[in-house]
>>> print(open('model-v6.cif').read())   # mmCIF, C-alpha atoms
data_protein
#
loop_
_atom_site.group_PDB
_atom_site.id
_atom_site.type_symbol
_atom_site.label_atom_id
_atom_site.label_comp_id
_atom_site.auth_asym_id
_atom_site.auth_seq_id
_atom_site.Cartn_x
_atom_site.Cartn_y
_atom_site.Cartn_z
ATOM 1 C CA MET A 475 127.058 96.905 -75.460
ATOM 2 C CA LEU A 476 128.272 100.236 -76.824
ATOM 3 C CA THR A 477 125.356 102.468 -77.802
ATOM 4 C CA SER A 478 126.051 105.575 -79.863
ATOM 5 C CA VAL A 479 123.520 108.302 -80.603
ATOM 6 C CA ASP A 480 124.432 110.634 -83.448
ATOM 7 C CA ILE A 481 122.524 112.807 -85.858
ATOM 8 C CA GLU A 482 125.260 112.714 -88.532
ATOM 9 C CA PRO A 483 125.241 109.656 -90.843
ATOM 10 C CA GLU A 484 128.904 110.171 -91.737
ATOM 11 C CA ASN A 485 129.911 110.021 -88.068
ATOM 12 C CA GLN A 486 128.011 106.765 -87.719
ATOM 13 C CA ARG A 487 129.633 105.308 -90.819
ATOM 14 C CA LEU A 488 133.103 106.163 -89.517
ATOM 15 C CA ALA A 489 132.269 104.773 -86.076
ATOM 16 C CA LYS A 490 131.090 101.470 -87.566
ATOM 17 C CA GLN A 491 134.306 101.251 -89.561
ATOM 18 C CA ALA A 492 136.386 101.921 -86.433
ATOM 19 C CA TYR A 493 134.434 99.303 -84.469
ATOM 20 C CA ARG A 494 135.048 96.701 -87.195
ATOM 21 C CA GLU A 495 138.761 97.558 -87.287
ATOM 22 C CA ALA A 496 138.896 97.195 -83.487
ATOM 23 C CA GLY A 497 137.323 93.747 -83.741
ATOM 24 C CA LEU A 498 133.994 94.735 -82.208
ATOM 25 C CA GLY A 499 131.212 92.822 -83.899
ATOM 26 C CA SER A 500 127.843 94.377 -84.600
ATOM 27 C CA PHE A 501 126.439 92.391 -81.657
ATOM 28 C CA ARG A 502 128.620 94.580 -79.355
ATOM 29 C CA THR A 503 127.619 97.972 -80.814
ATOM 30 C CA ARG A 504 124.357 99.773 -81.500
ATOM 31 C CA MET A 505 124.070 102.947 -83.562
ATOM 32 C CA ILE A 506 120.966 105.100 -83.146
ATOM 33 C CA SER A 507 120.328 107.990 -85.496
ATOM 34 C CA GLY A 508 118.594 111.093 -84.226
ATOM 35 C CA PRO A 509 118.812 114.094 -81.911
ATOM 36 C CA ALA A 510 119.883 113.104 -78.405
ATOM 37 C CA LEU A 511 116.884 114.641 -76.656
ATOM 38 C CA GLU A 512 114.569 112.557 -78.851
ATOM 39 C CA VAL A 513 116.528 109.304 -78.477
ATOM 40 C CA LEU A 514 117.578 109.351 -74.806
ATOM 41 C CA PRO A 515 114.012 109.078 -73.406
ATOM 42 C CA ARG A 516 113.604 105.791 -75.305
ATOM 43 C CA LEU A 517 116.659 104.158 -73.667
ATOM 44 C CA THR A 518 116.351 101.846 -70.658
ATOM 45 C CA ASP A 519 116.584 103.293 -67.148
ATOM 46 C CA GLY A 520 119.581 102.188 -65.089
ATOM 47 C CA ALA A 521 121.103 100.146 -67.922
ATOM 48 C CA TYR A 522 124.312 102.071 -68.650
ATOM 49 C CA ASP A 523 127.763 102.221 -67.075
ATOM 50 C CA MET A 524 128.785 105.419 -68.867
ATOM 51 C CA VAL A 525 127.144 108.289 -70.711
ATOM 52 C CA PHE A 526 129.483 110.521 -72.729
ATOM 53 C CA CYS A 527 128.046 113.850 -73.900
ATOM 54 C CA ASP A 528 129.523 115.817 -76.776
ATOM 55 C CA ALA A 529 126.633 117.305 -78.691
ATOM 56 C CA VAL A 530 124.540 120.487 -78.537
ATOM 57 C CA LYS A 531 126.117 122.387 -75.643
ATOM 58 C CA GLN A 532 122.920 124.293 -74.783
ATOM 59 C CA GLU A 533 121.311 120.894 -74.103
ATOM 60 C CA TYR A 534 123.974 119.763 -71.596
ATOM 61 C CA PRO A 535 121.680 120.290 -68.557
ATOM 62 C CA GLU A 536 119.009 118.091 -70.169
ATOM 63 C CA TYR A 537 121.648 115.475 -71.043
ATOM 64 C CA LEU A 538 122.656 115.344 -67.378
ATOM 65 C CA THR A 539 119.060 114.735 -66.332
ATOM 66 C CA ALA A 540 118.772 111.929 -68.880
ATOM 67 C CA ALA A 541 122.147 110.464 -67.888
ATOM 68 C CA LEU A 542 121.134 110.238 -64.236
ATOM 69 C CA ARG A 543 118.116 108.191 -65.264
ATOM 70 C CA LEU A 544 120.146 105.956 -67.588
ATOM 71 C CA LEU A 545 123.144 105.273 -65.320
ATOM 72 C CA ARG A 546 123.529 102.411 -62.893
ATOM 73 C CA PRO A 547 124.952 103.250 -59.447
ATOM 74 C CA GLY A 548 128.714 103.545 -59.952
ATOM 75 C CA GLY A 549 128.190 104.754 -63.525
ATOM 76 C CA VAL A 550 129.980 107.771 -64.954
ATOM 77 C CA VAL A 551 128.658 110.732 -66.906
ATOM 78 C CA ALA A 552 131.207 112.792 -68.855
ATOM 79 C CA PHE A 553 130.886 116.105 -70.695
ATOM 80 C CA ASP A 554 133.344 117.214 -73.356
ATOM 81 C CA ASN A 555 134.300 120.891 -73.769
ATOM 82 C CA ALA A 556 133.722 121.565 -70.063
ATOM 83 C CA LEU A 557 136.023 124.604 -70.109
ATOM 84 C CA TRP A 558 134.627 125.893 -73.418
ATOM 85 C CA HIS A 559 137.741 127.654 -74.667
ATOM 86 C CA HIS A 560 138.406 129.190 -71.231
ATOM 87 C CA ARG A 561 135.028 130.979 -71.334
ATOM 88 C CA VAL A 562 133.462 129.044 -68.433
ATOM 89 C CA ALA A 563 135.959 130.538 -65.949
ATOM 90 C CA ASP A 564 135.380 134.104 -67.160
ATOM 91 C CA PRO A 565 132.285 135.546 -65.419
ATOM 92 C CA ALA A 566 132.070 138.318 -68.023
ATOM 93 C CA VAL A 567 131.197 135.761 -70.726
ATOM 94 C CA ARG A 568 127.407 135.354 -70.708
ATOM 95 C CA ASP A 569 126.477 133.688 -74.026
ATOM 96 C CA PRO A 570 123.899 130.836 -73.968
ATOM 97 C CA VAL A 571 126.423 128.063 -74.655
ATOM 98 C CA THR A 572 128.771 129.130 -71.867
ATOM 99 C CA GLU A 573 125.850 129.572 -69.466
ATOM 100 C CA ALA A 574 124.535 126.064 -70.253
ATOM 101 C CA ILE A 575 127.949 124.547 -69.564
ATOM 102 C CA ARG A 576 128.164 126.508 -66.302
ATOM 103 C CA ASP A 577 124.692 125.243 -65.401
ATOM 104 C CA VAL A 578 125.765 121.611 -65.813
ATOM 105 C CA HIS A 579 128.833 122.291 -63.636
ATOM 106 C CA ARG A 580 126.543 123.680 -60.908
ATOM 107 C CA MET A 581 124.031 120.861 -61.283
ATOM 108 C CA ILE A 582 126.753 118.254 -60.829
ATOM 109 C CA ALA A 583 128.326 120.103 -57.887
ATOM 110 C CA ASP A 584 124.940 120.454 -56.157
ATOM 111 C CA ASP A 585 123.763 116.845 -56.656
ATOM 112 C CA GLU A 586 124.643 114.740 -53.601
ATOM 113 C CA ARG A 587 124.418 111.556 -55.698
ATOM 114 C CA LEU A 588 127.381 112.674 -57.804
ATOM 115 C CA VAL A 589 131.123 112.775 -57.170
ATOM 116 C CA PRO A 590 132.559 115.278 -59.687
ATOM 117 C CA LEU A 591 135.946 115.506 -61.358
ATOM 118 C CA LEU A 592 137.048 118.214 -63.797
ATOM 119 C CA ILE A 593 139.987 117.170 -65.938
ATOM 120 C CA PRO A 594 141.671 120.273 -67.431
ATOM 121 C CA VAL A 595 143.011 118.535 -70.521
ATOM 122 C CA GLY A 596 142.254 119.891 -73.981
ATOM 123 C CA ASP A 597 139.028 121.858 -73.713
ATOM 124 C CA GLY A 598 138.142 120.183 -70.423
ATOM 125 C CA LEU A 599 136.340 116.981 -69.467
ATOM 126 C CA LEU A 600 133.762 117.133 -66.671
ATOM 127 C CA CYS A 601 133.039 113.719 -65.179
ATOM 128 C CA ALA A 602 130.856 112.552 -62.315
ATOM 129 C CA VAL A 603 130.315 109.180 -60.695
ATOM 130 C CA LYS A 604 126.747 108.367 -59.710
ATOM 131 C CA THR A 605 126.889 106.977 -56.177
ATOM 132 C CA GLY A 606 123.255 106.090 -55.747
#
>>> encode(input="model-v6.cif", output="structure tokens")
Amino acid sequence: MLTSVDIEPENQRLAKQAYREAGLGSFRTRMISGPALEVLPRLTDGAYDMVFCDAVKQEYPEYLTAALRLLRPGGVVAFDNALWHHRVADPAVRDPVTEAIRDVHRMIADDERLVPLLIPVGDGLLCAVKTG
């Protein structure tokens, strides 16, 4: 089951169209409308193989906390924009978005349950496998 959480109705409409074109029936996809931090607490613990985060960057640390609850052992959490236009690597950049992305990097690096991988493609993809 592919579950998508999005606040934008147009994004959901386009996703449904893409799923249909890919041959995925509605029984294989679930679209939930709303802000992630309101929806994620309602999802089932330990029921997901992957959580992909590409929403409000300042909320990335909270998304990681939710993802750890939602993921099965062996599941993957991934964060888009992990390099944030090269700002994350520049210690002089101190805006709230950059700091939140840095925080999620640190949280993943410090969590012994996670095996991290930073893929420097595009604007960066930070992934972590939950080992336990």
>>> residues_around(input="model-v6.cif", residues="Pro483 in chain A", least_positions_apart="6", cutoff="12 Å", atoms="all atoms listed in the file", output="list in words")
Ala489, Lys490, Met505, Ile506, Ser507, Gly508 and Pro509 of chain A
>>> atom_distance(input="model-v6.cif", atom1="CA of Leu545 in chain A", atom2="CA of Val479 in chain A")
15.6 Å
>>> residues_around(input="model-v6.cif", residues="Thr503 in chain A", least_positions_apart="6", cutoff="6 Å", atoms="all atoms listed in the file", output="JSON, numbers by chain")
{"A": [475, 476, 477]}
>>> closest_residue(input="model-v6.cif", among="A:Ala602, A:Ala529, A:Ile582, A:Val589", to="Glu482 in chain A", atoms="only C-alpha atoms")
A:Ala529
>>> resolve_selection(input="model-v6.cif", expression="the PyMOL selection byres ((chain A and resi 562) around 10)", output="list of chain:residue names")
A:Asn555, A:Ala556, A:Leu557, A:Trp558, A:His559, A:His560, A:Arg561, A:Ala563, A:Asp564, A:Pro565, A:Ala566, A:Val567, A:Arg568, A:Val571, A:Thr572, A:Glu573, A:Ala574, A:Ile575, A:Arg576, A:His579
>>> write_last_selection(input="model-v6.cif", atoms="C-alpha atoms", output="CSV table (one decimal), in the frame of the given file")
chain,number,residue,atom,x,y,z
A,555,ASN,CA,134.3,120.9,-73.8
A,556,ALA,CA,133.7,121.6,-70.1
A,557,LEU,CA,136.0,124.6,-70.1
A,558,TRP,CA,134.6,125.9,-73.4
A,559,HIS,CA,137.7,127.7,-74.7
A,560,HIS,CA,138.4,129.2,-71.2
A,561,ARG,CA,135.0,131.0,-71.3
A,563,ALA,CA,136.0,130.5,-65.9
A,564,ASP,CA,135.4,134.1,-67.2
A,565,PRO,CA,132.3,135.5,-65.4
A,566,ALA,CA,132.1,138.3,-68.0
A,567,VAL,CA,131.2,135.8,-70.7
A,568,ARG,CA,127.4,135.4,-70.7
A,571,VAL,CA,126.4,128.1,-74.7
A,572,THR,CA,128.8,129.1,-71.9
A,573,GLU,CA,125.8,129.6,-69.5
A,574,ALA,CA,124.5,126.1,-70.3
A,575,ILE,CA,127.9,124.5,-69.6
A,576,ARG,CA,128.2,126.5,-66.3
A,579,HIS,CA,128.8,122.3,-63.6
>>> closest_residue(input="model-v6.cif", among="A:Lys531, A:Lys604, A:Arg494, A:Arg502", to="Asp577 in chain A", atoms="all atoms listed in the file")
A:Lys531
>>> closest_residue(input="model-v6.cif", among="A:Asp523, A:Asp554, A:Val578, A:Arg504", to="Ser478 in chain A", atoms="only C-alpha atoms")
A:Arg504
>>> closest_residue(input="model-v6.cif", among="A:Asp569, A:Met524, A:Ile481, A:Leu599", to="Ala541 in chain A", atoms="all atoms listed in the file")
A:Met524
>>> atom_distance(input="model-v6.cif", atom1="CA of Ala492 in chain A", atom2="CA of Gly549 in chain A")
24.5 Å
>>> atom_distance(input="model-v6.cif", atom1="CA of Arg543 in chain A", atom2="CA of Ser500 in chain A")
25.7 Å
>>> decode(input="model-v6.cif", residues="range 492-505 of chain A", atoms="N, CA, C and O atoms", output="tab-separated table (two decimals), in the first residue's frame")
chain	number	residue	atom	x	y	z
A	492	ALA	N	-1.18	9.80	-12.02
A	492	ALA	CA	0.06	9.04	-12.28
A	492	ALA	C	-0.09	7.59	-11.83
A	492	ALA	O	0.37	6.67	-12.53
A	493	TYR	N	-0.74	7.37	-10.69
A	493	TYR	CA	-0.95	6.00	-10.22
A	493	TYR	C	-1.81	5.21	-11.20
A	493	TYR	O	-1.51	4.05	-11.51
A	494	ARG	N	-2.87	5.84	-11.69
A	494	ARG	CA	-3.74	5.17	-12.68
A	494	ARG	C	-2.94	4.82	-13.93
A	494	ARG	O	-3.05	3.71	-14.44
A	495	GLU	N	-2.16	5.79	-14.43
A	495	GLU	CA	-1.36	5.56	-15.64
A	495	GLU	C	-0.32	4.46	-15.43
A	495	GLU	O	0.05	3.77	-16.37
A	496	ALA	N	0.15	4.29	-14.19
A	496	ALA	CA	1.12	3.25	-13.89
A	496	ALA	C	0.47	1.90	-13.63
A	496	ALA	O	1.15	0.90	-13.40
A	497	GLY	N	-0.87	1.88	-13.66
A	497	GLY	CA	-1.59	0.63	-13.45
A	497	GLY	C	-1.81	0.27	-12.00
A	497	GLY	O	-2.16	-0.86	-11.68
A	498	LEU	N	-1.62	1.24	-11.10
A	498	LEU	CA	-1.88	1.00	-9.69
A	498	LEU	C	-3.33	1.32	-9.39
A	498	LEU	O	-3.77	2.46	-9.53
A	499	GLY	N	-4.08	0.33	-8.98
A	499	GLY	CA	-5.48	0.55	-8.65
A	499	GLY	C	-5.62	1.30	-7.34
A	499	GLY	O	-4.68	1.39	-6.55
A	500	SER	N	-6.80	1.81	-7.09
A	500	SER	CA	-7.04	2.58	-5.87
A	500	SER	C	-6.88	1.70	-4.62
A	500	SER	O	-6.65	2.23	-3.53
A	501	PHE	N	-6.96	0.39	-4.76
A	501	PHE	CA	-6.77	-0.50	-3.63
A	501	PHE	C	-5.29	-0.59	-3.22
A	501	PHE	O	-4.96	-1.12	-2.16
A	502	ARG	N	-4.38	-0.06	-4.06
A	502	ARG	CA	-2.94	-0.08	-3.79
A	502	ARG	C	-2.42	1.28	-3.32
A	502	ARG	O	-1.25	1.40	-2.96
A	503	THR	N	-3.26	2.31	-3.35
A	503	THR	CA	-2.82	3.65	-2.97
A	503	THR	C	-3.83	4.27	-2.01
A	503	THR	O	-5.02	3.96	-2.04
A	504	ARG	N	-3.33	5.14	-1.15
A	504	ARG	CA	-4.19	5.87	-0.22
A	504	ARG	C	-3.68	7.29	-0.14
A	504	ARG	O	-2.50	7.52	0.15
A	505	MET	N	-4.54	8.24	-0.39
A	505	MET	CA	-4.20	9.66	-0.34
A	505	MET	C	-4.86	10.27	0.90
A	505	MET	O	-6.06	10.13	1.09
